[in-house]
file final00.cif (mmCIF, C-alpha atoms)
data_input
loop_
_atom_site.group_PDB
_atom_site.id
_atom_site.type_symbol
_atom_site.label_atom_id
_atom_site.label_comp_id
_atom_site.auth_asym_id
_atom_site.auth_seq_id
_atom_site.Cartn_x
_atom_site.Cartn_y
_atom_site.Cartn_z
ATOM 1 C CA MET J 1 87.489 55.193 -81.034
ATOM 2 C CA GLN J 2 88.448 55.679 -77.375
ATOM 3 C CA LEU J 3 86.218 58.785 -77.204
ATOM 4 C CA ASP J 4 83.270 56.828 -78.650
ATOM 5 C CA ASN J 5 83.740 54.103 -76.033
ATOM 6 C CA GLU J 6 83.862 56.652 -73.231
ATOM 7 C CA LEU J 7 80.703 58.317 -74.513
ATOM 8 C CA ARG J 8 78.898 54.975 -74.708
ATOM 9 C CA GLN J 9 80.007 54.078 -71.183
ATOM 10 C CA GLN J 10 78.842 57.437 -69.905
ATOM 11 C CA SER J 11 75.511 57.031 -71.685
ATOM 12 C CA THR J 12 75.042 53.544 -70.193
ATOM 13 C CA LYS J 13 75.895 54.874 -66.750
ATOM 14 C CA ASN J 14 73.385 57.705 -67.158
ATOM 15 C CA ASN J 15 70.714 55.267 -68.312
ATOM 16 C CA GLU J 16 71.313 53.053 -65.273
ATOM 17 C CA GLN J 17 70.970 56.074 -62.996
ATOM 18 C CA TRP J 18 67.680 57.053 -64.589
ATOM 19 C CA ILE J 19 66.386 53.485 -64.377
ATOM 20 C CA ASP J 20 67.402 53.335 -60.700
ATOM 21 C CA PHE J 21 65.486 56.564 -60.216
ATOM 22 C CA LEU J 22 62.401 55.010 -61.848
ATOM 23 C CA VAL J 23 62.738 51.913 -59.640
ATOM 24 C CA LYS J 24 62.949 54.079 -56.537
ATOM 25 C CA SER J 25 59.952 56.153 -57.703
ATOM 26 C CA LYS J 26 57.986 52.977 -58.527
ATOM 27 C CA ALA J 27 57.287 54.467 -61.945
ATOM 28 C CA TYR J 28 57.213 52.842 -65.349
ATOM 29 C CA PRO J 29 56.612 54.183 -68.855
ATOM 30 C CA ILE J 30 53.693 53.424 -71.136
ATOM 31 C CA PHE J 31 53.071 54.543 -74.707
ATOM 32 C CA LYS J 32 49.571 55.803 -75.443
ATOM 33 C CA ASN J 33 48.137 58.083 -78.124
ATOM 34 C CA GLU J 34 51.597 58.562 -79.646
ATOM 35 C CA LYS J 35 52.965 59.865 -76.354
ATOM 36 C CA VAL J 36 55.004 58.516 -73.423
ATOM 37 C CA PHE J 37 53.462 58.604 -69.937
ATOM 38 C CA PHE J 38 54.648 57.356 -66.553
ATOM 39 C CA ILE J 39 52.433 55.362 -64.197
ATOM 40 C CA ARG J 40 53.353 55.740 -60.537
ATOM 41 C CA PRO J 41 51.599 55.365 -57.172
ATOM 42 C CA LYS J 42 51.557 59.047 -56.179
ATOM 43 C CA GLN J 43 52.118 62.498 -57.597
ATOM 44 C CA ASP J 44 55.600 63.959 -57.247
ATOM 45 C CA LYS J 45 56.487 67.480 -58.384
ATOM 46 C CA VAL J 46 60.189 66.631 -58.665
ATOM 47 C CA PHE J 47 59.379 63.652 -60.877
ATOM 48 C CA ASP J 48 57.075 65.788 -63.047
ATOM 49 C CA LYS J 49 59.911 68.248 -63.724
ATOM 50 C CA LEU J 50 62.219 65.420 -64.781
ATOM 51 C CA THR J 51 59.779 63.572 -67.038
ATOM 52 C CA ASP J 52 60.936 65.094 -70.333
ATOM 53 C CA LYS J 53 64.585 64.587 -69.374
ATOM 54 C CA ILE J 54 63.975 60.902 -68.566
ATOM 55 C CA ILE J 55 62.204 60.322 -71.874
ATOM 56 C CA GLU J 56 65.067 62.010 -73.739
ATOM 57 C CA GLU J 57 67.886 60.222 -71.892
ATOM 58 C CA LEU J 58 66.299 56.780 -72.190
ATOM 59 C CA GLN J 59 65.258 57.495 -75.802
ATOM 60 C CA LEU J 60 61.650 56.475 -75.237
ATOM 61 C CA LYS J 61 59.959 56.928 -78.591
ATOM 62 C CA THR J 62 57.791 53.850 -79.151
ATOM 63 C CA ALA J 63 55.656 51.317 -77.307
ATOM 64 C CA GLU J 64 58.486 48.791 -77.721
ATOM 65 C CA ASP J 65 60.962 51.171 -76.072
ATOM 66 C CA CYS J 66 58.638 51.572 -73.101
ATOM 67 C CA LYS J 67 58.067 47.820 -72.831
ATOM 68 C CA LYS J 68 61.814 47.173 -72.796
ATOM 69 C CA ILE J 69 62.425 49.711 -69.997
ATOM 70 C CA ARG J 70 59.472 48.349 -67.992
ATOM 71 C CA GLY J 71 61.059 44.916 -68.130
ATOM 72 C CA ILE J 72 64.373 46.261 -66.845
ATOM 73 C CA ILE J 73 62.624 48.195 -64.044
ATOM 74 C CA LYS J 74 60.618 45.150 -62.910
ATOM 75 C CA GLU J 75 63.736 42.981 -62.965
ATOM 76 C CA LYS J 76 65.658 45.464 -60.797
ATOM 77 C CA ALA J 77 62.696 45.934 -58.459
ATOM 78 C CA ALA J 78 62.427 42.157 -58.006
ATOM 79 C CA LYS J 79 66.069 41.958 -56.879
ATOM 80 C CA ILE J 80 65.732 44.581 -54.182
ATOM 81 C CA ARG J 81 62.220 43.921 -52.911
ATOM 82 C CA LYS J 82 61.867 42.582 -49.400
ATOM 83 C CA ASN J 83 58.566 40.780 -49.893
ATOM 84 C CA LYS J 84 58.454 37.259 -51.249
ATOM 85 C CA PRO J 85 55.603 36.333 -53.577
ATOM 86 C CA ILE J 86 53.137 33.888 -51.976
ATOM 87 C CA LYS J 87 54.217 31.057 -54.273
ATOM 88 C CA LYS J 88 57.675 31.200 -52.618
ATOM 89 C CA TRP J 89 56.300 31.034 -49.054
ATOM 90 C CA PHE J 90 56.417 27.812 -47.052
ATOM 91 C CA LYS J 91 53.412 25.732 -48.043
ATOM 92 C CA ASP J 92 51.964 25.826 -44.527
ATOM 93 C CA GLU J 93 51.868 29.643 -44.669
ATOM 94 C CA ARG J 94 50.169 29.982 -48.048
ATOM 95 C CA PRO J 95 46.524 31.103 -47.733
ATOM 96 C CA ARG J 96 45.041 28.514 -50.105
ATOM 97 C CA GLU J 97 46.929 25.619 -48.571
ATOM 98 C CA MET J 98 45.986 26.839 -45.073
ATOM 99 C CA LEU J 99 42.312 26.961 -46.017
ATOM 100 C CA ILE J 100 42.420 23.380 -47.283
ATOM 101 C CA LYS J 101 44.302 22.209 -44.184
ATOM 102 C CA ILE J 102 42.479 24.015 -41.349
ATOM 103 C CA GLY J 103 39.247 25.261 -42.945
ATOM 104 C CA ALA J 104 38.061 28.674 -44.104
ATOM 105 C CA GLU J 105 36.491 29.474 -40.729
ATOM 106 C CA ASN J 106 39.921 29.325 -39.060
ATOM 107 C CA LEU J 107 41.727 31.668 -41.458
ATOM 108 C CA PRO J 108 42.364 35.306 -40.499
ATOM 109 C CA LEU J 109 40.534 37.835 -42.661
ATOM 110 C CA SER J 110 43.746 38.998 -44.354
ATOM 111 C CA LYS J 111 44.351 35.500 -45.740
ATOM 112 C CA LEU J 112 40.747 35.088 -46.896
ATOM 113 C CA LEU J 113 41.004 38.401 -48.746
ATOM 114 C CA ALA J 114 44.359 37.311 -50.210
ATOM 115 C CA ILE J 115 42.703 34.211 -51.704
ATOM 116 C CA LEU J 116 40.058 36.470 -53.192
ATOM 117 C CA LEU J 117 42.606 38.938 -54.622
ATOM 118 C CA ARG J 118 44.635 36.015 -56.043
ATOM 119 C CA THR J 119 47.702 37.997 -57.150
ATOM 120 C CA GLY J 120 49.916 40.700 -55.701
ATOM 121 C CA ASP J 121 51.477 43.813 -57.172
ATOM 122 C CA GLY J 122 54.076 42.666 -59.679
ATOM 123 C CA PHE J 123 55.717 46.074 -59.752
ATOM 124 C CA ASP J 124 56.679 46.588 -56.098
ATOM 125 C CA GLY J 125 56.582 42.936 -55.053
ATOM 126 C CA SER J 126 53.641 43.185 -52.651
ATOM 127 C CA SER J 127 51.911 39.834 -52.215
ATOM 128 C CA ALA J 128 48.141 39.400 -52.303
ATOM 129 C CA GLU J 129 48.185 39.224 -48.508
ATOM 130 C CA ASP J 130 50.197 42.463 -48.303
ATOM 131 C CA ILE J 131 47.494 44.163 -50.378
ATOM 132 C CA ALA J 132 44.786 42.610 -48.178
ATOM 133 C CA ARG J 133 46.466 44.110 -45.106
ATOM 134 C CA LYS J 134 46.608 47.533 -46.788
ATOM 135 C CA LEU J 135 42.903 47.190 -47.492
ATOM 136 C CA LEU J 136 42.148 46.376 -43.855
ATOM 137 C CA ASP J 137 44.474 49.118 -42.583
ATOM 138 C CA LYS J 138 42.511 51.685 -44.557
ATOM 139 C CA PHE J 139 38.931 50.439 -44.138
ATOM 140 C CA LYS J 140 39.294 48.494 -40.834
ATOM 141 C CA ASP J 141 36.603 45.860 -41.468
ATOM 142 C CA LEU J 142 34.409 44.212 -44.101
ATOM 143 C CA ARG J 143 31.499 46.510 -43.433
ATOM 144 C CA LYS J 144 33.566 49.605 -44.239
ATOM 145 C CA ILE J 145 34.954 47.841 -47.325
ATOM 146 C CA ASP J 146 31.375 47.117 -48.416
ATOM 147 C CA GLN J 147 30.454 50.796 -47.991
ATOM 148 C CA ALA J 148 33.435 51.921 -50.098
ATOM 149 C CA SER J 149 32.938 52.584 -53.791
ATOM 150 C CA ILE J 150 34.905 50.762 -56.481
ATOM 151 C CA GLU J 151 36.822 54.009 -57.024
ATOM 152 C CA ASP J 152 37.740 54.110 -53.317
ATOM 153 C CA LEU J 153 39.004 50.522 -53.430
ATOM 154 C CA CYS J 154 41.124 51.280 -56.494
ATOM 155 C CA LEU J 155 43.030 53.915 -54.503
ATOM 156 C CA ILE J 156 44.773 51.051 -52.677
ATOM 157 C CA ARG J 157 48.089 50.274 -54.346
ATOM 158 C CA GLY J 158 47.771 46.885 -56.069
ATOM 159 C CA ILE J 159 43.978 46.982 -56.430
ATOM 160 C CA GLY J 160 42.722 47.717 -59.913
ATOM 161 C CA MET J 161 39.246 47.587 -61.363
ATOM 162 C CA ALA J 162 39.234 43.776 -61.661
ATOM 163 C CA LYS J 163 40.195 43.182 -58.013
ATOM 164 C CA ALA J 164 37.770 45.854 -56.772
ATOM 165 C CA VAL J 165 34.943 44.168 -58.702
ATOM 166 C CA GLN J 166 35.933 40.761 -57.245
ATOM 167 C CA ILE J 167 35.709 42.186 -53.720
ATOM 168 C CA LYS J 168 32.312 43.767 -54.381
ATOM 169 C CA ALA J 169 31.009 40.536 -55.916
ATOM 170 C CA ALA J 170 32.150 38.472 -52.906
ATOM 171 C CA LEU J 171 30.475 40.838 -50.445
ATOM 172 C CA GLU J 172 27.250 40.752 -52.465
ATOM 173 C CA ILE J 173 27.316 36.935 -52.373
ATOM 174 C CA GLY J 174 27.502 37.166 -48.575
ATOM 175 C CA LYS J 175 24.441 39.421 -48.479
ATOM 176 C CA ARG J 176 22.517 37.122 -50.780
ATOM 177 C CA PHE J 177 23.359 34.161 -48.559
ATOM 178 C CA TYR J 178 21.283 35.741 -45.790
ATOM 179 C CA ARG J 179 18.520 36.760 -48.192
ATOM 180 C CA GLU J 180 18.421 33.192 -49.531
ATOM 181 C CA LYS J 181 18.155 31.949 -45.950
ATOM 182 C CA ALA J 182 15.165 34.240 -45.414
ATOM 183 C CA GLU J 183 13.485 33.135 -48.628
ATOM 184 C CA LYS J 184 13.527 29.503 -47.470
ATOM 185 C CA LYS J 185 11.091 30.500 -44.742
ATOM 186 C CA LYS J 186 7.802 29.354 -46.222
ATOM 187 C CA ARG J 187 5.504 30.553 -43.510
ATOM 188 C CA ILE J 188 5.424 33.182 -40.757
ATOM 189 C CA SER J 189 3.994 31.594 -37.634
ATOM 190 C CA SER J 190 5.038 33.983 -34.842
ATOM 191 C CA SER J 191 6.197 37.528 -34.113
ATOM 192 C CA LYS J 192 9.747 36.175 -33.770
ATOM 193 C CA ASP J 193 9.482 34.725 -37.272
ATOM 194 C CA VAL J 194 8.578 38.187 -38.576
ATOM 195 C CA ILE J 195 11.667 39.775 -37.012
ATOM 196 C CA ARG J 196 13.971 36.952 -38.093
ATOM 197 C CA TYR J 197 12.708 37.056 -41.672
ATOM 198 C CA VAL J 198 12.922 40.837 -42.024
ATOM 199 C CA LEU J 199 16.421 41.062 -40.556
ATOM 200 C CA ASN J 200 17.772 38.252 -42.734
ATOM 201 C CA TYR J 201 16.173 39.635 -45.887
ATOM 202 C CA TYR J 202 16.754 43.362 -45.452
ATOM 203 C CA ARG J 203 19.399 44.161 -42.847
ATOM 204 C CA ALA J 204 22.529 43.686 -44.964
ATOM 205 C CA TYR J 205 21.146 46.063 -47.592
ATOM 206 C CA LEU J 206 19.540 48.701 -45.378
ATOM 207 C CA MET J 207 21.673 49.071 -42.246
ATOM 208 C CA ASP J 208 24.251 51.314 -43.969
ATOM 209 C CA SER J 209 22.005 52.880 -46.591
ATOM 210 C CA LYS J 210 22.268 56.645 -46.982
ATOM 211 C CA LYS J 211 18.687 56.749 -48.216
ATOM 212 C CA GLU J 212 15.459 55.846 -46.508
ATOM 213 C CA PHE J 213 13.500 52.945 -47.979
ATOM 214 C CA PHE J 214 9.993 51.779 -47.182
ATOM 215 C CA SER J 215 9.115 48.230 -48.222
ATOM 216 C CA ILE J 216 6.310 45.760 -47.665
ATOM 217 C CA VAL J 217 6.309 41.988 -47.290
ATOM 218 C CA LEU J 218 3.098 40.496 -48.721
ATOM 219 C CA LEU J 219 1.635 37.286 -47.256
ATOM 220 C CA ASP J 220 -1.298 35.065 -48.156
ATOM 221 C CA GLY J 221 -4.123 33.873 -45.890
ATOM 222 C CA ARG J 222 -1.873 31.221 -44.294
ATOM 223 C CA ASN J 223 0.940 33.737 -43.706
ATOM 224 C CA LYS J 224 3.053 32.333 -46.501
ATOM 225 C CA ILE J 225 5.326 34.957 -48.060
ATOM 226 C CA ILE J 226 4.246 36.051 -51.524
ATOM 227 C CA LYS J 227 6.576 38.918 -52.405
ATOM 228 C CA ASN J 228 8.787 41.772 -51.142
ATOM 229 C CA ILE J 229 8.132 45.166 -52.712
ATOM 230 C CA THR J 230 9.902 48.507 -52.244
ATOM 231 C CA ILE J 231 7.214 51.159 -52.028
ATOM 232 C CA SER J 232 9.364 54.262 -51.835
ATOM 233 C CA GLU J 233 12.941 55.465 -51.830
ATOM 234 C CA GLY J 234 13.219 58.742 -49.988
ATOM 235 C CA SER J 235 15.746 61.468 -49.384
ATOM 236 C CA LEU J 236 18.267 61.358 -46.560
ATOM 237 C CA ASN J 237 15.681 62.335 -43.980
ATOM 238 C CA ALA J 238 12.216 61.587 -45.300
ATOM 239 C CA THR J 239 10.167 58.944 -47.066
ATOM 240 C CA LEU J 240 6.753 59.437 -48.617
ATOM 241 C CA VAL J 241 4.447 56.434 -48.343
ATOM 242 C CA ASP J 242 1.180 56.332 -50.253
ATOM 243 C CA PRO J 243 -1.474 54.014 -48.704
ATOM 244 C CA LYS J 244 -3.164 53.658 -52.109
ATOM 245 C CA GLN J 245 -0.009 52.165 -53.614
ATOM 246 C CA ILE J 246 0.314 49.663 -50.776
ATOM 247 C CA ILE J 247 -3.292 48.527 -51.138
ATOM 248 C CA LYS J 248 -2.890 48.347 -54.923
ATOM 249 C CA GLU J 249 0.151 46.032 -54.607
ATOM 250 C CA ALA J 250 -1.561 43.880 -51.967
ATOM 251 C CA THR J 251 -4.707 43.516 -54.107
ATOM 252 C CA LYS J 252 -2.664 42.798 -57.251
ATOM 253 C CA HIS J 253 -0.910 39.877 -55.528
ATOM 254 C CA SER J 254 -3.987 38.672 -53.608
ATOM 255 C CA ALA J 255 -2.320 39.300 -50.248
ATOM 256 C CA SER J 256 -4.187 38.898 -46.961
ATOM 257 C CA ALA J 257 -1.503 40.292 -44.641
ATOM 258 C CA LEU J 258 1.622 42.404 -44.792
ATOM 259 C CA ILE J 259 4.654 43.621 -42.881
ATOM 260 C CA PHE J 260 6.043 47.147 -43.124
ATOM 261 C CA VAL J 261 9.827 47.543 -43.257
ATOM 262 C CA HIS J 262 11.954 50.658 -43.337
ATOM 263 C CA ASN J 263 15.307 52.041 -42.267
ATOM 264 C CA HIS J 264 16.650 55.256 -40.777
ATOM 265 C CA PRO J 265 19.751 56.625 -42.548
ATOM 266 C CA SER J 266 20.839 58.039 -39.177
ATOM 267 C CA GLY J 267 21.252 54.468 -37.958
ATOM 268 C CA GLU J 268 18.830 54.971 -35.065
ATOM 269 C CA ALA J 269 16.110 52.333 -34.856
ATOM 270 C CA GLU J 270 13.781 54.188 -32.513
ATOM 271 C CA PRO J 271 10.541 55.233 -34.245
ATOM 272 C CA THR J 272 9.875 58.936 -34.705
ATOM 273 C CA LYS J 273 6.548 60.620 -34.093
ATOM 274 C CA GLU J 274 6.119 60.685 -37.894
ATOM 275 C CA ASP J 275 6.788 56.908 -38.091
ATOM 276 C CA ILE J 276 4.050 56.201 -35.549
ATOM 277 C CA GLU J 277 1.561 58.528 -37.222
ATOM 278 C CA ILE J 278 2.137 57.124 -40.706
ATOM 279 C CA THR J 279 1.899 53.539 -39.403
ATOM 280 C CA ASN J 280 -1.471 54.260 -37.783
ATOM 281 C CA LYS J 281 -2.632 55.866 -41.030
ATOM 282 C CA LEU J 282 -1.566 52.794 -43.041
ATOM 283 C CA ILE J 283 -3.218 50.378 -40.604
ATOM 284 C CA LYS J 284 -6.518 52.230 -40.889
ATOM 285 C CA ALA J 285 -6.290 52.148 -44.697
ATOM 286 C CA CYS J 286 -5.518 48.419 -44.667
ATOM 287 C CA ASP J 287 -8.416 47.726 -42.284
ATOM 288 C CA LEU J 288 -10.834 49.130 -44.879
ATOM 289 C CA VAL J 289 -9.885 46.367 -47.319
ATOM 290 C CA ASP J 290 -9.435 43.644 -44.678
ATOM 291 C CA LEU J 291 -5.620 43.593 -44.867
ATOM 292 C CA LYS J 292 -3.919 42.499 -41.651
ATOM 293 C CA VAL J 293 -0.733 44.336 -40.617
ATOM 294 C CA LEU J 294 1.517 41.887 -38.743
ATOM 295 C CA ASP J 295 4.255 44.329 -37.768
ATOM 296 C CA HIS J 296 6.349 47.322 -38.743
ATOM 297 C CA ILE J 297 10.114 46.775 -38.405
ATOM 298 C CA ILE J 298 12.612 49.643 -38.401
ATOM 299 C CA ILE J 299 16.186 48.566 -39.179
ATOM 300 C CA GLY J 300 19.036 50.412 -37.459
ATOM 301 C CA GLN J 301 22.760 50.491 -38.026
ATOM 302 C CA ASN J 302 24.058 47.713 -35.776
ATOM 303 C CA ARG J 303 23.285 44.026 -35.695
ATOM 304 C CA ARG J 304 20.852 44.217 -32.789
ATOM 305 C CA ASP J 305 19.423 47.628 -33.661
ATOM 306 C CA TYR J 306 15.828 47.232 -34.760
ATOM 307 C CA THR J 307 12.379 48.167 -33.533
ATOM 308 C CA SER J 308 9.275 45.989 -33.740
ATOM 309 C CA PHE J 309 6.100 48.077 -33.494
ATOM 310 C CA LEU J 310 4.319 44.958 -32.241
ATOM 311 C CA ASP J 311 6.822 44.467 -29.419
ATOM 312 C CA LYS J 312 6.627 48.172 -28.527
ATOM 313 C CA GLY J 313 2.838 48.060 -28.362
ATOM 314 C CA PHE J 314 2.333 50.487 -31.251
ATOM 315 C CA ILE J 315 0.540 47.679 -33.099
ATOM 316 C CA LYS J 316 -1.781 45.330 -31.246
ATOM 317 C CA GLU J 317 -1.641 41.649 -32.135
ATOM 318 C CA GLY J 318 -4.733 40.808 -34.074
ATOM 319 C CA ASP J 319 -5.199 44.343 -35.491
#
call {"tool": "encode", "arguments": {"input": "final00.cif", "output": "structure tokens"}}
result
Amino acid sequence: MQLDNELRQQSTKNNEQWIDFLVKSKAYPIFKNEKVFFIRPKQDKVFDKLTDKIIEELQLKTAEDCKKIRGIIKEKAAKIRKNKPIKKWFKDERPREMLIKIGAENLPLSKLLAILLRTGDGFDGSSAEDIARKLLDKFKDLRKIDQASIEDLCLIRGIGMAKAVQIKAALEIGKRFYREKAEKKKRISSSKDVIRYVLNYYRAYLMDSKKEFFSIVLLDGRNKIIKNITISEGSLNATLVDPKQIIKEATKHSASALIFVHNHPSGEAEPTKEDIEITNKLIKACDLVDLKVLDHIIIGQNRRDYTSFLDKGFIKEGD
């Protein structure tokens, strides 16, 4: 009897040591396809060598066994974690309450992202704001976050597919806000209107594009916007533009004028010799069917990086 008790005590002690090891490794077991796996934030050769031993010592044989051990690990992790969940913060420090009190425009970006992420990492105790800071530490700003793929975002501890999709959706809403603003412009009445419209409608989508796009904005006889059409999507360094396709689209939609828009994947907004030549070619083709070219805008990488062919004198007003 005494020997049995000693063996049980030793077994319990061993189990506690293995569980402590799992807590320290931030690893927890799952049961899938009739096999036990461990989910953890990073690869560890030492851990890999001990996997079979851990499964044997903790007698992990079923999904229920794994669930039980996960509960114990999370409970232990909660006791030793340094971070408090947001719901335990002072009310004045909680992102949602701060937004209501002082307004969204006065919140730091980390808190706005925390509201978007909603929840933290239940395993290691990181709050939503902790995860937001990790996101900003890695990508630096919203623009870099926007450029990142969903897979890249999921590499941040605490961000899974659902949170990555939420981030992408929020950034897309921001882009569409500017496009919606552009679409409210009913009529183009000056060269400044052309630039303002094109930048609001296209810049958020084209300034970081790795491909070159050539689009047209079709307008009626009173310079009211009819439609935006992408004519071609090129390689990283070249775009092929067919004048016949442009005239076909303009005729189809009964357009009287148009604006050319394209981007440079390099980020430079200065027109190349090829850009100037192809623009002259397109203008001549449009003249044959009495289509007026208002401008050709090249979108660069930064907010103020763009070129207006009209402003540069490459297109004459009234051509």
call {"tool": "closest_residue", "arguments": {"input": "final00.cif", "among": "J:Gly158, J:Gly103, J:Pro29, J:Gly221", "to": "Arg187 (chain J)", "atoms": "all atoms listed in the file"}}
result
J:Gly221
call {"tool": "closest_residue", "arguments": {"input": "final00.cif", "among": "J:Lys312, J:Lys273, J:Lys185, J:Lys211", "to": "Tyr197 (chain J)", "atoms": "only C-alpha atoms"}}
result
J:Lys185
call {"tool": "resolve_selection", "arguments": {"input": "final00.cif", "expression": "the PyMOL selection byres ((chain J and resi 268) around 10)", "output": "list in words"}}
result
Met207, Asn263, His264, Pro265, Ser266, Gly267, Ala269, Glu270, Pro271, Thr272, Ile298, Ile299, Gly300, Gln301, Asn302, Asp305, Tyr306 and Thr307 of chain J
call {"tool": "resolve_selection", "arguments": {"input": "final00.cif", "expression": "the PyMOL selection byres ((chain J and resi 260-262) around 8)", "output": "list of chain:residue names"}}
result
J:Val198, J:Glu212, J:Phe213, J:Phe214, J:Ser215, J:Ile216, J:Val217, J:Leu258, J:Ile259, J:Asn263, J:His264, J:Val293, J:Asp295, J:His296, J:Ile297, J:Ile298, J:Ile299
call {"tool": "resolve_selection", "arguments": {"input": "final00.cif", "expression": "the PyMOL selection byres ((chain J and resi 25) around 12)", "output": "NGL selection string"}}
result
:J and (18-24 or 26-29 or 38-48 or 50-51 or 73 or 77 or 123-124)
call {"tool": "write_last_selection", "arguments": {"input": "final00.cif", "atoms": "C-alpha atoms", "output": "mmCIF file, keeping the file's coordinate frame"}}
result
data_model
loop_
_atom_site.group_PDB
_atom_site.id
_atom_site.type_symbol
_atom_site.label_atom_id
_atom_site.label_comp_id
_atom_site.auth_asym_id
_atom_site.auth_seq_id
_atom_site.Cartn_x
_atom_site.Cartn_y
_atom_site.Cartn_z
ATOM 1 C CA TRP J 18 67.680 57.053 -64.589
ATOM 2 C CA ILE J 19 66.386 53.485 -64.377
ATOM 3 C CA ASP J 20 67.402 53.335 -60.700
ATOM 4 C CA PHE J 21 65.486 56.564 -60.216
ATOM 5 C CA LEU J 22 62.401 55.010 -61.848
ATOM 6 C CA VAL J 23 62.738 51.913 -59.640
ATOM 7 C CA LYS J 24 62.949 54.079 -56.537
ATOM 8 C CA LYS J 26 57.986 52.977 -58.527
ATOM 9 C CA ALA J 27 57.287 54.467 -61.945
ATOM 10 C CA TYR J 28 57.213 52.842 -65.349
ATOM 11 C CA PRO J 29 56.612 54.183 -68.855
ATOM 12 C CA PHE J 38 54.648 57.356 -66.553
ATOM 13 C CA ILE J 39 52.433 55.362 -64.197
ATOM 14 C CA ARG J 40 53.353 55.740 -60.537
ATOM 15 C CA PRO J 41 51.599 55.365 -57.172
ATOM 16 C CA LYS J 42 51.557 59.047 -56.179
ATOM 17 C CA GLN J 43 52.118 62.498 -57.597
ATOM 18 C CA ASP J 44 55.600 63.959 -57.247
ATOM 19 C CA LYS J 45 56.487 67.480 -58.384
ATOM 20 C CA VAL J 46 60.189 66.631 -58.665
ATOM 21 C CA PHE J 47 59.379 63.652 -60.877
ATOM 22 C CA ASP J 48 57.075 65.788 -63.047
ATOM 23 C CA LEU J 50 62.219 65.420 -64.781
ATOM 24 C CA THR J 51 59.779 63.572 -67.038
ATOM 25 C CA ILE J 73 62.624 48.195 -64.044
ATOM 26 C CA ALA J 77 62.696 45.934 -58.459
ATOM 27 C CA PHE J 123 55.717 46.074 -59.752
ATOM 28 C CA ASP J 124 56.679 46.588 -56.098
#
call {"tool": "closest_residue", "arguments": {"input": "final00.cif", "among": "J:Ala114, J:Met161, J:Asn228, J:Ile276", "to": "His253 (chain J)", "atoms": "all atoms listed in the file"}}
result
J:Asn228
call {"tool": "closest_residue", "arguments": {"input": "final00.cif", "among": "J:Asn106, J:Ile150, J:Ile167, J:Leu136", "to": "Arg118 (chain J)", "atoms": "all atoms listed in the file"}}
result
J:Ile167
call {"tool": "atom_distance", "arguments": {"input": "final00.cif", "atom1": "CA of Lys163 (chain J)", "atom2": "CA of Glu34 (chain J)"}}
result
28.9 Å
call {"tool": "residues_around", "arguments": {"input": "final00.cif", "residues": "Asp52 (chain J)", "least_positions_apart": "6", "cutoff": "10 Å", "atoms": "all atoms listed in the file", "output": "PyMOL selection string"}}
result
chain J and resi 36-37+60
